[in-house]
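Structure file upload30.txt (compact mmCIF, C-alpha atoms and all ligand atoms) follows.
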```txt
# COMPACT_ATOMS: atom_id res chain seq x y z
CA MET F 1 1.68 7.28 -32.67
CA PRO F 2 5.16 8.86 -33.06
CA VAL F 3 7.98 7.73 -30.81
CA PRO F 4 10.02 10.71 -29.49
CA GLN F 5 13.25 11.15 -31.46
CA ILE F 6 15.11 14.34 -30.75
CA SER F 7 13.77 15.69 -27.46
CA VAL F 8 15.85 18.09 -25.39
CA ARG F 9 18.43 16.31 -23.19
CA PHE F 10 18.40 17.02 -19.47
CA ASP F 11 21.07 16.12 -16.92
CA ALA F 12 20.06 17.22 -13.42
CA SER F 13 23.66 16.84 -12.20
CA ASP F 14 25.03 19.34 -14.77
CA LEU F 15 26.35 22.43 -12.94
CA GLN F 16 24.63 24.80 -15.34
CA VAL F 17 21.33 23.02 -14.71
CA LEU F 18 21.96 23.24 -10.97
CA GLN F 19 22.31 27.01 -11.25
CA ASP F 20 19.35 27.59 -13.54
CA PRO F 21 17.27 24.70 -14.88
CA TYR F 22 14.47 26.94 -16.16
CA PRO F 23 15.77 27.70 -19.69
CA HIS F 24 16.01 23.92 -20.30
CA TYR F 25 12.37 23.42 -19.31
CA ARG F 26 11.33 26.32 -21.49
CA ARG F 27 13.19 24.92 -24.47
CA SER F 28 11.51 21.57 -23.95
CA ARG F 29 8.04 23.11 -23.58
CA MET F 30 8.56 24.96 -26.87
CA HIS F 31 9.90 21.81 -28.58
CA ASP F 32 7.91 18.64 -27.83
CA GLY F 33 7.24 18.81 -24.07
CA LEU F 34 9.58 15.89 -23.29
CA MET F 35 13.19 15.74 -22.07
CA ARG F 36 15.52 12.72 -22.41
CA MET F 37 17.04 12.08 -18.98
CA GLY F 38 18.59 8.62 -19.36
CA PRO F 39 17.73 5.16 -20.67
CA GLY F 40 13.96 4.78 -20.26
CA ILE F 41 13.61 8.02 -18.28
CA TRP F 42 11.61 10.94 -19.67
CA GLY F 43 10.94 14.39 -18.23
CA VAL F 44 7.51 15.91 -18.89
CA THR F 45 7.46 19.71 -19.00
CA ARG F 46 4.11 21.11 -20.20
CA ALA F 47 1.41 22.03 -17.66
CA ARG F 48 -1.44 20.18 -19.36
CA ASP F 49 0.59 16.94 -19.54
CA VAL F 50 1.86 17.23 -15.94
CA ALA F 51 -1.68 17.97 -14.70
CA ALA F 52 -3.14 14.99 -16.56
CA LEU F 53 -0.39 12.59 -15.47
CA LEU F 54 -0.01 13.52 -11.79
CA ASP F 55 -2.83 11.19 -10.77
CA ALA F 56 -3.49 9.13 -13.91
CA ASP F 57 -4.49 5.48 -13.48
CA THR F 58 -1.94 4.40 -16.11
CA LEU F 59 0.90 5.56 -13.85
CA SER F 60 2.24 3.96 -10.72
CA SER F 61 4.27 5.30 -7.83
CA TYR F 62 6.01 1.97 -7.25
CA LEU F 63 9.62 2.38 -8.23
CA PRO F 64 10.58 0.45 -11.36
CA GLN F 65 12.51 -2.79 -11.12
CA GLN F 66 15.64 -1.29 -12.70
CA HIS F 67 15.76 1.42 -10.03
CA LEU F 68 15.30 -1.10 -7.25
CA ALA F 69 17.88 -3.35 -8.90
CA VAL F 70 20.42 -0.52 -8.65
CA SER F 71 19.33 0.09 -5.09
CA HIS F 72 19.73 -3.62 -4.37
CA THR F 73 23.45 -3.01 -4.28
CA ASN F 74 22.36 -1.43 -1.02
CA ALA F 75 19.62 -3.54 0.54
CA ARG F 76 18.81 -1.03 3.26
CA VAL F 77 18.07 1.74 0.75
CA ALA F 78 16.03 -0.65 -1.44
CA ALA F 79 13.87 -1.64 1.57
CA PHE F 80 13.43 1.99 2.60
CA LEU F 81 12.32 3.04 -0.90
CA ARG F 82 9.90 0.11 -1.03
CA ASN F 83 8.37 1.01 2.34
CA ILE F 84 7.68 4.73 2.12
CA VAL F 85 4.31 6.31 1.37
CA LEU F 86 5.72 8.29 -1.57
CA PHE F 87 6.33 5.15 -3.62
CA GLN F 88 3.06 3.30 -2.91
CA ASP F 89 -0.16 2.84 -4.85
CA PRO F 90 -3.57 2.03 -3.34
CA PRO F 91 -4.46 0.29 -1.13
CA SER F 92 -1.18 0.42 0.83
CA HIS F 93 -0.80 4.12 0.04
CA GLY F 94 -4.12 4.94 1.77
CA ALA F 95 -3.19 2.86 4.83
CA LEU F 96 0.12 4.74 5.21
CA ARG F 97 -1.54 8.15 4.79
CA ARG F 98 -4.07 7.18 7.52
CA MET F 99 -1.21 6.02 9.76
CA LEU F 100 0.58 9.36 9.35
CA ALA F 101 -2.55 11.49 9.87
CA PRO F 102 -1.79 12.22 13.59
CA VAL F 103 1.09 14.39 12.33
CA THR F 104 -0.01 15.34 8.81
CA GLY F 105 -3.74 16.00 9.25
CA ALA F 106 -5.10 19.56 9.50
CA ALA F 107 -5.78 19.11 13.24
CA ALA F 108 -2.09 18.30 13.82
CA LEU F 109 -0.74 21.16 11.70
CA ARG F 110 -3.03 23.90 13.09
CA PRO F 111 -1.48 24.22 16.59
CA VAL F 112 2.03 24.34 15.10
CA ILE F 113 0.96 27.02 12.62
CA GLU F 114 -0.48 29.00 15.55
CA VAL F 115 2.81 29.00 17.48
CA LEU F 116 4.97 29.82 14.46
CA PRO F 117 5.49 33.47 15.44
CA THR F 118 6.90 32.25 18.77
CA LEU F 119 9.08 29.64 17.07
CA PHE F 120 10.32 32.29 14.67
CA SER F 121 11.28 34.69 17.47
CA GLU F 122 13.17 31.83 19.19
CA VAL F 123 15.21 31.50 15.98
CA ALA F 124 15.67 35.16 15.02
CA GLY F 125 15.46 36.85 18.42
CA ASP F 126 19.17 36.83 19.26
CA LEU F 127 20.54 37.66 15.83
CA ASP F 128 22.47 40.84 15.24
CA LEU F 129 20.33 42.14 12.41
CA LEU F 130 22.82 44.76 11.30
CA GLY F 131 25.59 42.21 10.90
CA GLU F 132 25.84 39.59 8.16
CA ILE F 133 24.00 36.31 8.67
CA ASP F 134 23.79 33.12 6.63
CA LEU F 135 20.05 32.87 6.14
CA MET F 136 20.22 29.10 5.55
CA LYS F 137 22.20 28.31 8.69
CA GLN F 138 20.70 30.89 11.01
CA ILE F 139 17.06 31.13 9.93
CA ALA F 140 15.84 28.58 7.38
CA THR F 141 17.33 25.38 8.80
CA PRO F 142 16.64 26.13 12.52
CA LEU F 143 13.06 27.27 11.80
CA ALA F 144 12.27 24.15 9.76
CA GLY F 145 13.88 22.01 12.49
CA LEU F 146 12.00 23.68 15.35
CA SER F 147 8.68 23.47 13.50
CA LEU F 148 9.16 19.79 12.77
CA ALA F 149 10.19 19.14 16.38
CA GLU F 150 6.99 20.88 17.54
CA LEU F 151 4.87 18.85 15.11
CA LEU F 152 6.39 15.49 15.99
CA GLN F 153 6.87 16.38 19.67
CA LEU F 154 10.51 15.46 19.62
CA GLU F 155 13.78 17.08 20.43
CA ILE F 156 16.00 18.10 17.54
CA LYS F 157 19.20 19.16 19.27
CA ASP F 158 21.10 20.22 16.20
CA PRO F 159 19.14 21.16 13.05
CA MET F 160 22.38 21.47 11.02
CA THR F 161 23.09 17.77 11.64
CA LEU F 162 19.55 16.92 10.59
CA ASP F 163 20.16 19.04 7.50
CA HIS F 164 23.31 17.08 6.71
CA PHE F 165 21.49 13.72 6.90
CA ALA F 166 18.49 15.07 4.95
CA ASN F 167 20.90 16.14 2.19
CA GLU F 168 22.46 12.70 2.15
CA LEU F 169 19.07 10.99 2.06
CA SER F 170 17.85 13.20 -0.80
CA ARG F 171 20.47 11.58 -3.03
CA VAL F 172 18.55 8.29 -3.24
CA PHE F 173 15.52 10.10 -4.69
CA GLY F 174 17.23 11.01 -7.98
CA PRO F 175 16.14 8.99 -11.03
CA ALA F 176 19.50 7.18 -11.29
CA PRO F 177 21.35 7.10 -7.94
CA THR F 178 25.02 6.13 -8.00
CA ARG F 179 26.71 3.72 -5.62
CA ASP F 180 28.01 6.70 -3.62
CA ASP F 181 24.48 8.15 -3.43
CA LEU F 182 23.22 4.84 -2.04
CA THR F 183 25.99 4.64 0.55
CA ALA F 184 25.26 8.20 1.69
CA GLY F 185 21.53 7.41 1.78
CA ALA F 186 22.02 4.27 3.90
CA HIS F 187 24.16 6.24 6.33
CA ALA F 188 21.47 8.93 6.61
CA ILE F 189 18.68 6.37 7.11
CA ALA F 190 20.62 4.81 10.02
CA ALA F 191 21.18 8.22 11.63
CA LEU F 192 17.57 9.38 11.21
CA GLU F 193 16.33 6.01 12.51
CA GLU F 194 18.21 6.72 15.71
CA VAL F 195 16.37 10.06 16.07
CA VAL F 196 13.03 8.25 15.57
CA GLU F 197 13.99 5.48 18.00
CA ARG F 198 15.00 7.98 20.71
CA SER F 199 11.73 9.90 20.27
CA LEU F 200 9.20 7.07 20.12
CA SER F 201 8.60 6.77 23.86
CA ALA F 202 8.62 10.51 24.61
CA SER F 203 6.30 11.70 21.84
CA ALA F 204 2.54 11.18 22.25
CA VAL F 205 1.87 11.68 18.51
CA LEU F 206 4.53 9.18 17.51
CA ARG F 207 2.97 6.66 19.93
CA GLN F 208 -0.39 7.37 18.26
CA ILE F 209 1.22 6.54 14.92
CA CYS F 210 2.48 3.24 16.36
CA GLU F 211 -1.10 2.41 17.43
CA ARG F 212 -2.46 3.35 14.00
CA ALA F 213 0.17 1.16 12.37
CA GLU F 214 -1.07 -1.81 14.40
CA THR F 215 -4.73 -1.09 13.51
CA GLU F 216 -3.83 -0.83 9.81
CA GLY F 217 -1.72 -4.01 9.95
CA ILE F 218 1.47 -2.11 9.06
CA LYS F 219 4.76 -3.67 10.18
CA ALA F 220 6.86 -1.75 12.73
CA SER F 221 9.81 -1.59 10.29
CA VAL F 222 7.59 0.02 7.62
CA MET F 223 6.24 2.50 10.16
CA ARG F 224 9.76 3.46 11.21
CA ASP F 225 10.89 4.01 7.61
CA ASN F 226 7.92 6.31 7.07
CA LEU F 227 8.87 8.33 10.14
CA VAL F 228 12.43 8.61 8.80
CA PHE F 229 10.92 9.78 5.50
CA LEU F 230 8.81 12.35 7.34
CA LEU F 231 11.88 13.75 9.12
CA PHE F 232 13.30 14.35 5.66
CA ALA F 233 10.14 15.39 3.73
CA GLY F 234 8.90 17.80 6.40
CA PHE F 235 12.26 19.46 6.82
CA GLU F 236 14.57 19.69 3.83
CA THR F 237 11.86 20.87 1.43
CA THR F 238 10.75 23.66 3.75
CA ALA F 239 14.22 24.86 4.77
CA SER F 240 15.15 24.98 1.06
CA MET F 241 11.97 26.85 0.15
CA ILE F 242 12.53 29.46 2.86
CA GLY F 243 15.92 30.15 1.26
CA ASN F 244 14.52 30.08 -2.30
CA THR F 245 11.86 32.61 -1.26
CA VAL F 246 14.38 35.00 0.28
CA GLY F 247 16.69 34.58 -2.75
CA TRP F 248 13.70 35.27 -5.00
CA ILE F 249 12.82 38.48 -3.08
CA LEU F 250 16.44 39.68 -3.16
CA ALA F 251 16.75 39.04 -6.90
CA ASP F 252 14.50 42.00 -7.74
CA GLU F 253 14.26 45.13 -5.60
CA ALA F 254 10.64 45.75 -6.71
CA ARG F 255 9.58 42.55 -4.91
CA GLN F 256 10.79 43.84 -1.54
CA ARG F 257 9.36 47.28 -2.21
CA ASP F 258 5.91 45.84 -3.06
CA LEU F 259 6.04 43.61 0.00
CA ARG F 260 7.06 46.38 2.39
CA SER F 261 4.49 48.84 1.02
CA GLY F 262 1.69 46.27 1.20
CA ALA F 263 1.10 46.40 -2.58
CA VAL F 264 1.65 42.63 -2.58
CA SER F 265 0.58 40.51 0.41
CA VAL F 266 2.83 38.09 2.30
CA GLN F 267 0.62 35.25 1.07
CA ASN F 268 1.01 36.28 -2.57
CA THR F 269 4.75 36.69 -2.18
CA VAL F 270 4.98 33.14 -0.78
CA ALA F 271 2.76 31.73 -3.55
CA THR F 272 4.70 33.46 -6.35
CA ALA F 273 8.09 32.38 -5.01
CA LEU F 274 6.77 28.81 -4.65
CA ARG F 275 5.66 28.93 -8.25
CA ASP F 276 8.91 30.43 -9.57
CA ASP F 277 11.53 28.38 -7.74
CA PRO F 278 10.15 25.31 -5.91
CA PRO F 279 12.44 22.93 -3.98
CA ILE F 280 10.95 19.79 -5.58
CA GLN F 281 11.37 20.30 -9.29
CA GLY F 282 9.84 17.03 -10.46
CA VAL F 283 8.02 13.97 -9.14
CA VAL F 284 8.55 10.41 -10.34
CA ARG F 285 5.94 8.05 -11.80
CA VAL F 286 6.16 4.82 -13.81
CA LEU F 287 4.01 3.88 -16.82
CA THR F 288 2.04 0.65 -16.28
CA GLN F 289 0.97 0.44 -19.96
CA GLU F 290 1.84 2.07 -23.26
CA THR F 291 0.62 5.66 -22.98
CA SER F 292 0.59 8.75 -25.14
CA VAL F 293 2.70 11.35 -23.35
CA ALA F 294 2.95 14.79 -24.95
CA GLY F 295 1.83 13.17 -28.21
CA SER F 296 4.50 10.42 -28.19
CA ALA F 297 3.94 6.74 -27.45
CA LEU F 298 5.93 5.66 -24.38
CA ARG F 299 6.14 1.98 -23.38
CA ALA F 300 5.14 0.36 -20.09
CA GLY F 301 7.97 0.46 -17.54
CA ARG F 302 9.24 3.86 -18.70
CA VAL F 303 9.96 6.29 -15.87
CA LEU F 304 8.46 9.77 -16.06
CA VAL F 305 9.68 12.76 -14.09
CA LEU F 306 6.75 15.19 -14.03
CA PHE F 307 8.44 18.59 -13.84
CA VAL F 308 6.12 20.58 -11.58
CA ALA F 309 8.65 23.46 -11.66
CA SER F 310 8.22 23.70 -15.43
CA ALA F 311 4.43 23.28 -15.33
CA ASN F 312 4.24 26.20 -12.85
CA ARG F 313 5.61 28.48 -15.60
CA ASP F 314 3.17 27.26 -18.22
CA GLY F 315 -0.14 28.74 -17.03
CA ASP F 316 -1.76 29.78 -13.77
CA ALA F 317 -1.90 26.56 -11.76
CA LEU F 318 0.49 25.94 -8.85
CA PHE F 319 1.99 22.44 -9.01
CA SER F 320 4.68 22.79 -6.33
CA PHE F 321 2.88 20.60 -3.78
CA GLY F 322 1.79 18.01 -6.36
CA SER F 323 -1.79 16.97 -6.88
CA GLY F 324 -3.96 13.89 -6.51
CA ARG F 325 -3.46 11.18 -3.96
CA HIS F 326 0.19 12.02 -3.23
CA LYS F 327 -0.48 15.72 -2.80
CA CYS F 328 1.75 17.11 -0.05
CA PRO F 329 -0.02 16.87 3.33
CA GLY F 330 2.35 19.44 4.88
CA ALA F 331 1.64 22.30 2.43
CA ASP F 332 -0.14 24.55 4.95
CA LEU F 333 2.62 24.23 7.53
CA ALA F 334 5.34 24.84 4.94
CA GLN F 335 3.61 27.97 3.66
CA ALA F 336 3.15 29.26 7.21
CA GLU F 337 6.88 28.80 7.91
CA ILE F 338 7.87 30.61 4.73
CA GLY F 339 5.24 33.26 5.54
CA ALA F 340 6.82 33.91 8.97
CA VAL F 341 10.15 34.72 7.32
CA VAL F 342 8.53 36.90 4.65
CA GLU F 343 6.57 38.76 7.36
CA TRP F 344 9.88 39.42 9.15
CA ILE F 345 11.37 40.95 5.98
CA LYS F 346 8.21 43.03 5.50
CA GLN F 347 8.20 44.38 9.08
CA ALA F 348 11.96 44.94 9.45
CA PRO F 349 12.86 48.62 9.88
CA ASP F 350 15.64 48.24 7.28
CA TRP F 351 15.88 46.56 3.90
CA MET F 352 17.25 43.06 3.54
CA LYS F 353 20.14 42.82 1.09
CA ALA F 354 22.47 40.14 -0.20
CA ALA F 355 25.75 40.29 1.73
CA GLY F 356 27.73 38.23 -0.76
CA PRO F 357 27.21 35.60 -3.43
CA ALA F 358 24.70 32.86 -2.60
CA THR F 359 25.66 29.30 -3.49
CA ARG F 360 23.30 26.57 -4.63
CA ASN F 361 23.48 23.24 -2.83
CA PRO F 362 25.13 20.74 -5.19
CA ASP F 363 24.72 17.77 -2.81
CA SER F 364 20.96 17.70 -2.52
CA ARG F 365 18.34 16.54 -5.03
CA ILE F 366 16.16 19.26 -3.55
CA ARG F 367 16.68 22.71 -5.10
CA GLY F 368 17.95 25.08 -2.46
CA TYR F 369 20.87 27.20 -1.31
CA ALA F 370 23.88 25.91 0.61
CA THR F 371 24.61 29.45 1.81
CA LEU F 372 22.66 32.68 1.49
CA PRO F 373 24.50 35.60 3.15
CA VAL F 374 22.22 38.56 3.93
CA HIS F 375 22.19 41.68 6.07
CA PHE F 376 19.81 44.52 6.81
CA ASP F 377 20.77 47.91 5.46
CA VAL F 378 19.14 51.31 6.07
CA ASP F 379 20.34 52.54 2.69
CA HIS F 380 18.30 50.55 0.18
CA GLY F 381 19.58 52.53 -2.75
CA THR F 382 16.26 53.65 -4.20
C1 LIG G 1 7.83 23.98 0.69
C2 LIG G 1 7.76 22.82 1.30
C3 LIG G 1 7.24 21.56 0.66
C4 LIG G 1 7.11 21.25 -0.66
C5 LIG G 1 7.41 22.12 -1.89
C6 LIG G 1 6.58 19.89 -0.73
C7 LIG G 1 6.27 19.25 -1.92
C8 LIG G 1 5.74 17.97 -1.99
C9 LIG G 1 5.34 17.32 -3.21
C10 LIG G 1 5.48 17.89 -4.64
C11 LIG G 1 4.85 16.10 -2.88
C12 LIG G 1 4.21 15.08 -3.83
C13 LIG G 1 5.20 14.07 -4.37
C14 LIG G 1 4.57 13.19 -5.42
O1 LIG G 1 3.52 13.48 -5.98
O2 LIG G 1 5.22 12.17 -5.73
C15 LIG G 1 4.96 15.96 -1.44
C16 LIG G 1 4.62 14.84 -0.72
C17 LIG G 1 4.77 14.72 0.65
N1 LIG G 1 5.10 15.72 1.53
FE1 LIG G 1 5.63 17.61 1.06
N2 LIG G 1 6.41 19.43 0.54
C18 LIG G 1 6.78 20.41 1.43
C19 LIG G 1 6.72 20.35 2.81
C20 LIG G 1 6.26 19.27 3.54
C21 LIG G 1 6.07 19.25 4.97
C22 LIG G 1 6.28 20.44 5.91
C23 LIG G 1 5.66 17.98 5.30
C24 LIG G 1 5.31 17.40 6.65
C25 LIG G 1 4.93 18.05 7.68
C26 LIG G 1 5.60 17.21 4.07
C27 LIG G 1 5.27 15.88 4.00
C28 LIG G 1 5.06 15.20 2.81
C29 LIG G 1 4.69 13.79 2.74
C30 LIG G 1 4.53 12.83 3.92
C31 LIG G 1 4.53 13.48 1.38
C32 LIG G 1 4.16 12.15 0.77
C33 LIG G 1 2.69 12.11 0.47
C34 LIG G 1 2.24 10.88 -0.29
O3 LIG G 1 3.06 10.23 -0.94
O4 LIG G 1 1.05 10.59 -0.22
N3 LIG G 1 5.96 18.03 3.03
N4 LIG G 1 5.48 17.13 -0.92
```

Rewritten as structure tokens:
Amino acid sequence: MPVPQISVRFDASDLQVLQDPYPHYRRSRMHDGLMRMGPGIWGVTRARDVAALLDADTLSSYLPQQHLAVSHTNARVAAFLRNIVLFQDPPSHGALRRMLAPVTGAAALRPVIEVLPTLFSEVAGDLDLLGEIDLMKQIATPLAGLSLAELLQLEIKDPMTLDHFANELSRVFGPAPTRDDLTAGAHAIAALEEVVERSLSASAVLRQICERAETEGIKASVMRDNLVFLLFAGFETTASMIGNTVGWILADEARQRDLRSGAVSVQNTVATALRDDPPIQGVVRVLTQETSVAGSALRAGRVLVLFVASANRDGDALFSFGSGRHKCPGADLAQAEIGAVVEWIKQAPDWMKAAGPATRNPDSRIRGYATLPVHFDVDHGT
């Protein structure tokens, strides 16, 4: 079987890629479906390969030794990465999913989804809708924070601080974190641990998770790291996607017109934006044996980044929440949060418009905006 020779190169930290990674994926899909990302790290870009690999038995979610070796320069980060549900295979993966079910199961998400309109009006109620607002700071981040606080029954006093730590923590999820990334990550883990610690006694669902951890034989330190991970996974992704959805609507006037007229439903708008510009662009897996990937033989130990954001644009399937055993358990809540913001834009008496240039967030491994200035304007220019 051929070994890949001249695949497209991809550097996620490149500023051009940060602005618009999609032409790179497209080029790779048209070439051989693989991108070279670093020594032993390959990006997979075609839908049929991503679909087949997302839950293949020849892939593992345990991080490779070389990644953990880098992380060992920071023992706290290495332990965290080893403990969290995202980087586990069965049977420990199943035990951690069962432990988290009191906050990730459908029965836990439903009541939060039901109160979302109230949570949204708490966030947007006081805003001067004719003045300029930063959608990230004034809508997306507070709504994601309030929703998570409702789900976990905890108090999040300042969502912007949570956002700062979530950004820092995201840096350890890149395929090749630097020493600075690890230092930032360790700092964030310590800060988020404090939030978990403060909340454990007050929150009935978190106490339920503690009990489940005991039943499943999961150590308290592992349980805590998974709660820290949840504070990040349930928050930063959703806040970013709210912004990406609004940015996506504003990028083409027809999208807002179709939404406001009812030609396209809120649900479809959310689904299309999620397909076009998802916050998690790729998920990491490791080959446990030599495997044919996009027609090339890749050796055991190679790291694959399965680019769900590329696969979304290569057919009809939606990959943004993953698939298989690691499929996102918070998808319904996330879509409801994004839906509340889209409903607001649909119902507003005036059109939403960009009030200045939006900036992408260069500090996070999650694709999102740092700032997204918007305002409502009676004159929509049509
Ligand atoms: C738009 C928002 C969101 C997106 C795009 C998203 C996307 C994803 C993706 C792609 C995965 C799979 C990763 C993999 O296969 O390696 C995942 C896993 C996960 N997500 Fe989400 N997510 C979102 C919101 C949420 C929310 C709101 C929660 C919690 C309430 C959450 C909790 C989790 C957890 C715990 C995992 C790990 C599951 C496992 O490893 O078994 N996510 N998410």

Mind listing whatever residues come within 8 Å of the point (17.1, 42.0, 4.0)? Use all atoms listed in the file, file coordinates, and give them as number ranges by chain. F: 250, 345, 350-354, 374-377

Which residues are near ligand LIG 1 (chain G) - at most 7 Å, using only C-alpha atoms and all ligand atoms? Format: as an mmCIF file with C-alpha atoms, in the coordinates of the input.
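Saved as selection_20.cif:
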```
data_model
loop_
_atom_site.group_PDB
_atom_site.id
_atom_site.type_symbol
_atom_site.label_atom_id
_atom_site.label_comp_id
_atom_site.auth_asym_id
_atom_site.auth_seq_id
_atom_site.Cartn_x
_atom_site.Cartn_y
_atom_site.Cartn_z
ATOM 1 C CA LEU F 54 -0.010 13.520 -11.790
ATOM 2 C CA VAL F 85 4.310 6.310 1.370
ATOM 3 C CA LEU F 86 5.720 8.290 -1.570
ATOM 4 C CA PHE F 87 6.330 5.150 -3.620
ATOM 5 C CA HIS F 93 -0.800 4.120 0.040
ATOM 6 C CA ARG F 97 -1.540 8.150 4.790
ATOM 7 C CA THR F 104 -0.010 15.340 8.810
ATOM 8 C CA LEU F 148 9.160 19.790 12.770
ATOM 9 C CA LEU F 230 8.810 12.350 7.340
ATOM 10 C CA ALA F 233 10.140 15.390 3.730
ATOM 11 C CA GLY F 234 8.900 17.800 6.400
ATOM 12 C CA PHE F 235 12.260 19.460 6.820
ATOM 13 C CA THR F 237 11.860 20.870 1.430
ATOM 14 C CA THR F 238 10.750 23.660 3.750
ATOM 15 C CA MET F 241 11.970 26.850 0.150
ATOM 16 C CA PRO F 278 10.150 25.310 -5.910
ATOM 17 C CA PRO F 279 12.440 22.930 -3.980
ATOM 18 C CA ILE F 280 10.950 19.790 -5.580
ATOM 19 C CA VAL F 283 8.020 13.970 -9.140
ATOM 20 C CA VAL F 284 8.550 10.410 -10.340
ATOM 21 C CA SER F 320 4.680 22.790 -6.330
ATOM 22 C CA PHE F 321 2.880 20.600 -3.780
ATOM 23 C CA GLY F 322 1.790 18.010 -6.360
ATOM 24 C CA SER F 323 -1.790 16.970 -6.880
ATOM 25 C CA ARG F 325 -3.460 11.180 -3.960
ATOM 26 C CA HIS F 326 0.190 12.020 -3.230
ATOM 27 C CA LYS F 327 -0.480 15.720 -2.800
ATOM 28 C CA CYS F 328 1.750 17.110 -0.050
ATOM 29 C CA PRO F 329 -0.020 16.870 3.330
ATOM 30 C CA GLY F 330 2.350 19.440 4.880
ATOM 31 C CA ALA F 331 1.640 22.300 2.430
ATOM 32 C CA LEU F 333 2.620 24.230 7.530
ATOM 33 C CA ALA F 334 5.340 24.840 4.940
ATOM 34 C CA GLN F 335 3.610 27.970 3.660
#
```

Separation of atom CA of F:Phe232 from atom CA of F:Leu372 in Å: 21.0 Å

List the neighbours of F:Tyr25 out to 8 Å using all atoms listed in the file; skip same-chain residues closer than 4 positions along the sequence, and give me the result as a ChimeraX atom specification. /F:21,29,45,310

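The coordinates place atom CA of F:Ser147 at 9.0 Å from atom CA of F:Val115.
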
Could you give me the axis-aligned bounding box of stretch 332-343 of chain F, with 5 Å of padding per side, as centre plus edge lengths in Å to one decimal, as AutoDock Vina command-line options?
```
--center_x 5.0 --center_y 31.5 --center_z 6.3 --size_x 20.3 --size_y 24.5 --size_z 15.3
```

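Checking F:Met99, F:Val77, F:Val8, F:Ala309 one by one against F:Met223, counting all atoms listed in the file, you find the shortest gap at F:Met99.
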
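For the residues F:Gly131, F:Pro373, F:Gly295, F:Pro177, ranking by smallest atom-to-atom distance to F:Gly33 using only C-alpha atoms places F:Gly295 first.
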
Quick one: distance from atom CA of F:Thr288 to atom CA of F:Leu63 in Å, one decimal?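 Atom CA of F:Leu63 lies at a distance of 11.2 Å from atom CA of F:Thr288.
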
Can you tell me which residues surround F:Ile156 at a distance of at most 12 Å, considering all atoms listed in the file, apart from same-chain residues fewer than 3 positions away, and format the answer as an MDAnalysis selection string? chainID F and resid 141:153 159:163 192 194:196 198:199 231 235

Restricting the calculation to all atoms listed in the file, which member of F:Ala300, F:Val103, F:Ile209, F:Ala176 is positioned closest to F:Arg224? F:Ile209

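For stretch 166-168 of chain F, the residues within 6 Å (counting only C-alpha atoms, excluding itself and residues fewer than 5 positions away along the chain) are Ala184, Gly185, Ala188, Phe232 and Ser364 of chain F.
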
My list of candidates is F:Tyr22, F:Trp42, F:Phe80, F:Phe120. Which is closest to F:Ala340 when distances are computed with all atoms listed in the file?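 Smallest separation from F:Ala340 among the options: F:Phe120.
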
Give me the residues within 9 Å of F:Arg302 as JSON, numbers by chain, counting all atoms listed in the file and dropping any in the same chain fewer than 3 places off. {"F": [39, 40, 41, 42, 64, 285, 286, 287, 288, 290, 298, 299]}

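Of the listed residues (F:Leu127, F:Asp20, F:Leu154, F:Phe229), F:Phe229 comes nearest to F:Arg82; the distances count all atoms listed in the file.
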
Restricting the calculation to only C-alpha atoms: of F:Ala51, F:Val172, F:Ala213, F:Leu15, which residue gets closest to F:Leu318? F:Ala51

Contacts of stretch 268-329 of chain F with stretch 244-247 of chain F up to 9 Å, shortest pair per row, all atoms listed in the file, as JSON lines:
```
{"residue": "F:Thr269", "atom": "CA", "partner": "F:Thr245", "partner_atom": "CA", "distance": 8.2}
{"residue": "F:Val270", "atom": "CA", "partner": "F:Thr245", "partner_atom": "CA", "distance": 6.9}
{"residue": "F:Thr272", "atom": "CA", "partner": "F:Thr245", "partner_atom": "CA", "distance": 8.8}
{"residue": "F:Ala273", "atom": "CA", "partner": "F:Thr245", "partner_atom": "CA", "distance": 5.3}
{"residue": "F:Leu274", "atom": "CA", "partner": "F:Thr245", "partner_atom": "CA", "distance": 7.2}
{"residue": "F:Asp277", "atom": "CA", "partner": "F:Asn244", "partner_atom": "CA", "distance": 6.4}
{"residue": "F:Pro278", "atom": "CA", "partner": "F:Asn244", "partner_atom": "CA", "distance": 7.4}
{"residue": "F:Pro279", "atom": "CA", "partner": "F:Asn244", "partner_atom": "CA", "distance": 7.6}
```

F:Ser7 environment, 9 Å, only C-alpha atoms, sequence neighbours closer than 5 positions dropped, as a PyMOL selection string: chain F and resi 28+31-36

Would you mind completing stretch 281-286 of chain F to N, CA and C atoms and writing the output as an mmCIF file, in the coordinates of the input?
```
data_model
loop_
_atom_site.group_PDB
_atom_site.id
_atom_site.type_symbol
_atom_site.label_atom_id
_atom_site.label_comp_id
_atom_site.auth_asym_id
_atom_site.auth_seq_id
_atom_site.Cartn_x
_atom_site.Cartn_y
_atom_site.Cartn_z
ATOM 1 N N GLN F 281 11.551 19.869 -7.905
ATOM 2 C CA GLN F 281 11.370 20.300 -9.290
ATOM 3 C C GLN F 281 10.500 19.305 -10.068
ATOM 4 N N GLY F 282 10.621 18.032 -9.719
ATOM 5 C CA GLY F 282 9.840 17.030 -10.460
ATOM 6 C C GLY F 282 9.503 15.854 -9.582
ATOM 7 N N VAL F 283 8.389 15.169 -9.893
ATOM 8 C CA VAL F 283 8.020 13.970 -9.140
ATOM 9 C C VAL F 283 8.013 12.769 -10.081
ATOM 10 N N VAL F 284 8.316 11.605 -9.511
ATOM 11 C CA VAL F 284 8.550 10.410 -10.340
ATOM 12 C C VAL F 284 7.306 9.521 -10.415
ATOM 13 N N ARG F 285 6.997 9.042 -11.610
ATOM 14 C CA ARG F 285 5.940 8.050 -11.800
ATOM 15 C C ARG F 285 6.424 7.032 -12.840
ATOM 16 N N VAL F 286 5.771 5.859 -12.867
ATOM 17 C CA VAL F 286 6.160 4.820 -13.810
ATOM 18 C C VAL F 286 4.946 4.416 -14.648
#
```
